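First the structure, in the form of structure tokens, and then the observations on it.
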Amino acid sequence: MNTMLLYLHAEKTCVEEFLALLDREEQAMGNARFSELTAITDEKIALLDRMATLDRQRETAQVALGFEPGPAGAEAAAAAAGDATRQAWTALLALAEDAKARNMHNGSLVHTHLDFTQRALHFLQSSVQLFYGPDGVRKTAGGRNRLALG
């Protein structure tokens, strides 16, 4: 197996792990298991760091083979290495696009949850002042007796 193909397989595996993690993240948000998100975020950061390292290693290899850095050089190196390597490069690009789209989708879910929470807090903060005093006891009109005090 050629060097480029080895790097592409490693990157593909890493992106597939990232996609599985994005699925877990989406499920956690969809099922209101927000306590899981901290660990998932930590895993995402570690996978993104690993992907960046693998990308740099592959790029170093393609430059060592005489190709320019960047996607154009990777495309040329993959094509020069044969059909299996070219297919691996194409598959990696497709997975990367899927990961990008799904990560953006999850980001939208986070934003939606945050927006809902902020609106709910705003409503509660503005409404609470009408009904409750600083001691948490309901305010009554005209100083009437508070029969329901515990």
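Going through the structure tokens in order, the chains are called A, B, and so on, while each chain numbers its residues from 1 and the ligands are numbered from 1 in the order shown.
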Which residues, written as JSON, numbers by chain, have at least one atom at most 8 Å from Ala88 of chain A, with only C-alpha atoms counted and residues fewer than 5 positions away on the same chain left out? {"A": [5, 8, 9]}
Extract, using only C-alpha atoms, all DNA, RNA and protein residues at most 8 Å from segment 22-33 of chain A, discarding same-chain residues fewer than 6 positions from it, and format them as a list in words. Ile40, Ala99, Arg102, Asn103, Asn106, Leu109 and Val110 of chain A
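The shortest atom-to-atom distance to Thr60 of chain A, with only C-alpha atoms taken into account, belongs to A:Thr3 out of A:Asp98, A:Ala20, A:Trp89, A:Thr3.
A straight line drawn from atom CA of Leu92 of chain A to atom CA of Leu37 of chain A is 26.4 Å long.
For the pair atom CA of Ser108 of chain A and atom CA of Thr38 of chain A, the interatomic distance is 17.1 Å.
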Would you return as a ChimeraX atom specification the members of chain A that DSSP assigns to alpha helix (DSSP H) on this structure's backbone? /A:3-30,37-64,71-81,83-131
Could the residues in this selection be saved with C-alpha atoms as a CSV table (one decimal), in the first residue's frame?
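Below you can see result_7.csv, which holds the result:
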```
chain,number,residue,atom,x,y,z
A,3,THR,CA,2.1,6.2,1.6
A,4,MET,CA,-0.7,8.5,0.4
A,5,LEU,CA,-3.3,5.7,0.7
A,6,LEU,CA,-2.2,4.9,4.3
A,7,TYR,CA,-2.7,8.6,5.3
A,8,LEU,CA,-6.0,8.8,3.5
A,9,HIS,CA,-7.3,5.7,5.3
A,10,ALA,CA,-6.2,7.1,8.7
A,11,GLU,CA,-8.0,10.4,7.9
A,12,LYS,CA,-11.1,8.6,6.7
A,13,THR,CA,-11.2,6.6,9.9
A,14,CYS,CA,-10.9,9.7,12.0
A,15,VAL,CA,-13.7,11.5,10.1
A,16,GLU,CA,-15.9,8.5,10.5
A,17,GLU,CA,-15.3,8.6,14.3
A,18,PHE,CA,-16.2,12.3,14.1
A,19,LEU,CA,-19.4,11.6,12.3
A,20,ALA,CA,-20.4,9.0,14.9
A,21,LEU,CA,-19.7,11.5,17.6
A,22,LEU,CA,-21.9,14.1,15.8
A,23,ASP,CA,-24.7,11.5,15.8
A,24,ARG,CA,-24.3,11.1,19.6
A,25,GLU,CA,-24.3,14.9,20.0
A,26,GLU,CA,-27.5,15.2,18.0
A,27,GLN,CA,-29.2,12.4,20.0
A,28,ALA,CA,-28.1,13.9,23.3
A,29,MET,CA,-29.6,17.3,22.3
A,30,GLY,CA,-32.7,15.7,20.8
A,37,LEU,CA,-22.5,17.5,25.9
A,38,THR,CA,-19.4,18.5,27.9
A,39,ALA,CA,-17.8,15.1,27.3
A,40,ILE,CA,-18.9,15.1,23.7
A,41,THR,CA,-17.3,18.5,23.2
A,42,ASP,CA,-14.1,17.3,24.7
A,43,GLU,CA,-14.1,14.3,22.3
A,44,LYS,CA,-14.9,16.6,19.4
A,45,ILE,CA,-11.9,18.8,20.2
A,46,ALA,CA,-9.6,15.7,20.5
A,47,LEU,CA,-10.8,14.4,17.1
A,48,LEU,CA,-10.5,17.7,15.4
A,49,ASP,CA,-6.9,18.0,16.7
A,50,ARG,CA,-6.2,14.4,15.4
A,51,MET,CA,-7.7,15.3,12.1
A,52,ALA,CA,-5.5,18.4,11.8
A,53,THR,CA,-2.4,16.3,12.7
A,54,LEU,CA,-3.3,13.6,10.1
A,55,ASP,CA,-4.0,16.3,7.5
A,56,ARG,CA,-0.5,17.9,8.1
A,57,GLN,CA,1.1,14.5,7.9
A,58,ARG,CA,-0.6,13.6,4.6
A,59,GLU,CA,0.3,17.0,3.3
A,60,THR,CA,4.0,16.6,4.3
A,61,ALA,CA,4.0,13.2,2.5
A,62,GLN,CA,2.5,14.7,-0.7
A,63,VAL,CA,5.1,17.5,-0.7
A,64,ALA,CA,7.8,14.9,-0.1
A,71,PRO,CA,-6.1,20.1,-1.8
A,72,ALA,CA,-4.9,20.5,-5.4
A,73,GLY,CA,-1.7,18.8,-4.5
A,74,ALA,CA,-3.5,16.1,-2.6
A,75,GLU,CA,-5.8,15.6,-5.7
A,76,ALA,CA,-2.7,15.3,-8.0
A,77,ALA,CA,-0.8,13.0,-5.6
A,78,ALA,CA,-3.9,10.7,-5.2
A,79,ALA,CA,-4.4,10.6,-9.0
A,80,ALA,CA,-0.7,9.8,-9.5
A,81,ALA,CA,-0.8,7.0,-6.9
A,83,ASP,CA,-7.2,4.3,-8.7
A,84,ALA,CA,-7.4,3.1,-5.1
A,85,THR,CA,-5.8,6.2,-3.8
A,86,ARG,CA,-7.8,8.5,-6.0
A,87,GLN,CA,-11.0,6.8,-4.8
A,88,ALA,CA,-9.9,7.1,-1.2
A,89,TRP,CA,-9.3,10.8,-1.7
A,90,THR,CA,-12.7,11.2,-3.2
A,91,ALA,CA,-14.4,9.3,-0.4
A,92,LEU,CA,-12.5,11.4,2.2
A,93,LEU,CA,-13.7,14.6,0.6
A,94,ALA,CA,-17.3,13.3,0.6
A,95,LEU,CA,-17.1,12.3,4.3
A,96,ALA,CA,-15.6,15.7,5.1
A,97,GLU,CA,-18.5,17.5,3.5
A,98,ASP,CA,-20.9,15.3,5.3
A,99,ALA,CA,-19.2,16.1,8.6
A,100,LYS,CA,-19.2,19.8,7.9
A,101,ALA,CA,-22.9,19.8,7.1
A,102,ARG,CA,-23.8,17.7,10.2
A,103,ASN,CA,-21.6,19.8,12.5
A,104,MET,CA,-23.4,22.9,11.2
A,105,HIS,CA,-26.8,21.2,11.8
A,106,ASN,CA,-25.8,20.4,15.4
A,107,GLY,CA,-24.6,24.0,15.8
A,108,SER,CA,-28.1,25.1,14.7
A,109,LEU,CA,-29.7,22.8,17.2
A,110,VAL,CA,-27.5,24.3,20.0
A,111,HIS,CA,-28.4,27.8,18.9
A,112,THR,CA,-32.1,26.9,18.9
A,113,HIS,CA,-31.9,25.5,22.4
A,114,LEU,CA,-30.0,28.5,23.6
A,115,ASP,CA,-32.5,30.9,22.0
A,116,PHE,CA,-35.4,29.0,23.6
A,117,THR,CA,-33.7,29.0,27.0
A,118,GLN,CA,-32.9,32.8,26.8
A,119,ARG,CA,-36.5,33.6,25.9
A,120,ALA,CA,-37.8,31.5,28.7
A,121,LEU,CA,-35.5,33.1,31.2
A,122,HIS,CA,-36.4,36.6,29.9
A,123,PHE,CA,-40.1,35.8,30.3
A,124,LEU,CA,-39.6,34.3,33.8
A,125,GLN,CA,-37.4,37.2,34.9
A,126,SER,CA,-39.9,39.8,33.8
A,127,SER,CA,-43.0,37.9,35.1
A,128,VAL,CA,-41.5,36.9,38.4
A,129,GLN,CA,-41.2,40.6,39.4
A,130,LEU,CA,-44.9,41.0,39.1
A,131,PHE,CA,-45.8,38.1,41.4
```
